[in-house]
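K.L.:
Below: one structure in structure tokens.
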Amino acid sequence: LRIMDLDELKRRCLECRDCELCGNRHHVVFGEGNPNAKLMFIGEGPGETEDLTGRPFVGKAGQLFDKMLLAVGLKREEVYIANMVKCRPPKNRDPETQETETCIKYLREQVKLIDPKIIVCLGRISACRLIGADFRVTKHHGQWVDKGKIRFMGTYHPSALLRNPSNKPDAFEDFLKIKDEYGKL
């Protein structure tokens, strides 16, 4: 891909038919936020509400995500939010390897164009793909990994916190670390 700006990249994503996920989508969920963000969050893929609206993290998990941001003094408008895949996997299943491999070109271009200093992987799927294949959220969450000029951290996906609220304190600690690191930029 040779992309000049986010608008062009979004147009390409909207036209994409490179994997089977396009067949059942209502909307491509490209991503949103500050195009000059120094902090980028990357989830796994759109859920039902996201597919219906075309916006990332707007369902119940997204509402929790917004609360977590606010709790540490961050605003959704100052960060950038994207996903590994841009179309909803059926029945909210995890994206398959082939699907993430097909869609990774779009995410790579988003990262190049936004040029964040910090990327936070929300959940196992993005952390395993972007940080390391052996990443385990319960074991490695909150740990910084430097790759090139970007600091990475993996933490719990908000939907996982809805299913297992006992992990919320750990996730909150991670968000405090993110805020602290962001404050150094």
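How things are named: the first chain in the structure tokens is A, the next is B, and so on; residues count from 1 in each chain; ligands count from 1 in the order shown.
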Leaving out A:Arg136 and any residue of its chain fewer than 5 positions from it, which residues lie within 12 Å of it when counting only C-alpha atoms, given as JSON, numbers by chain?
P.N.:
{"A": [121, 122, 123, 124, 125, 126, 127, 128, 129, 131, 141, 142, 143, 153, 154, 155, 156]}
K.L.:
With C-alpha atoms retained, export the selected residues as a short mmCIF file (atom, residue, chain, number, x, y, z; two decimals), in the first residue's frame.
P.N.:
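Result file is part-v6.cif:
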data_model
loop_
_atom_site.label_atom_id
_atom_site.label_comp_id
_atom_site.auth_asym_id
_atom_site.auth_seq_id
_atom_site.Cartn_x
_atom_site.Cartn_y
_atom_site.Cartn_z
CA CYS A 121 -3.14 -3.31 22.82
CA LEU A 122 -6.59 -3.99 24.22
CA GLY A 123 -6.81 -7.74 24.69
CA ARG A 124 -4.99 -10.88 23.68
CA ILE A 125 -5.52 -10.76 19.91
CA SER A 126 -3.81 -7.43 19.32
CA ALA A 127 -1.17 -7.97 22.02
CA CYS A 128 -0.13 -11.36 20.60
CA ARG A 129 0.11 -9.92 17.08
CA ILE A 131 3.82 -7.31 21.07
CA HIS A 141 -0.52 -6.74 31.28
CA GLY A 142 0.89 -3.37 32.28
CA GLN A 143 4.43 -4.15 31.11
CA MET A 153 1.65 -2.15 26.45
CA GLY A 154 -1.00 -4.85 26.50
CA THR A 155 -3.93 -4.73 28.88
CA TYR A 156 -7.36 -6.23 29.35
#
K.L.:
Excluding stretch 5-9 of chain A and residues on its chain fewer than 5 positions from it, collect all residues at most 8 Å away from it, counting only C-alpha atoms, and give them as a PyMOL selection string.
P.N.:
chain A and resi 35+106+109-110+113
K.L.:
Atom CA of A:Ala82 to atom CA of A:Cys13: how many Å, to one decimal?
P.N.:
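Calculated distance between atom CA of A:Ala82 and atom CA of A:Cys13 is 12.5 Å.
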K.L.:
Report the residues of stretch 24-144 of chain A whose backbone DSSP state falls under strand (DSSP E or B), written as an MDAnalysis selection string.
P.N.:
chainID A and resid 32:33 39:43 80:83 118:122 144
K.L.:
What does the structure give for the distance between atom CA of A:Ala171 and atom CA of A:Ser159, in Å to one decimal?
P.N.:
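Spanning atom CA of A:Ala171 to atom CA of A:Ser159 is a straight-line distance of 11.9 Å.
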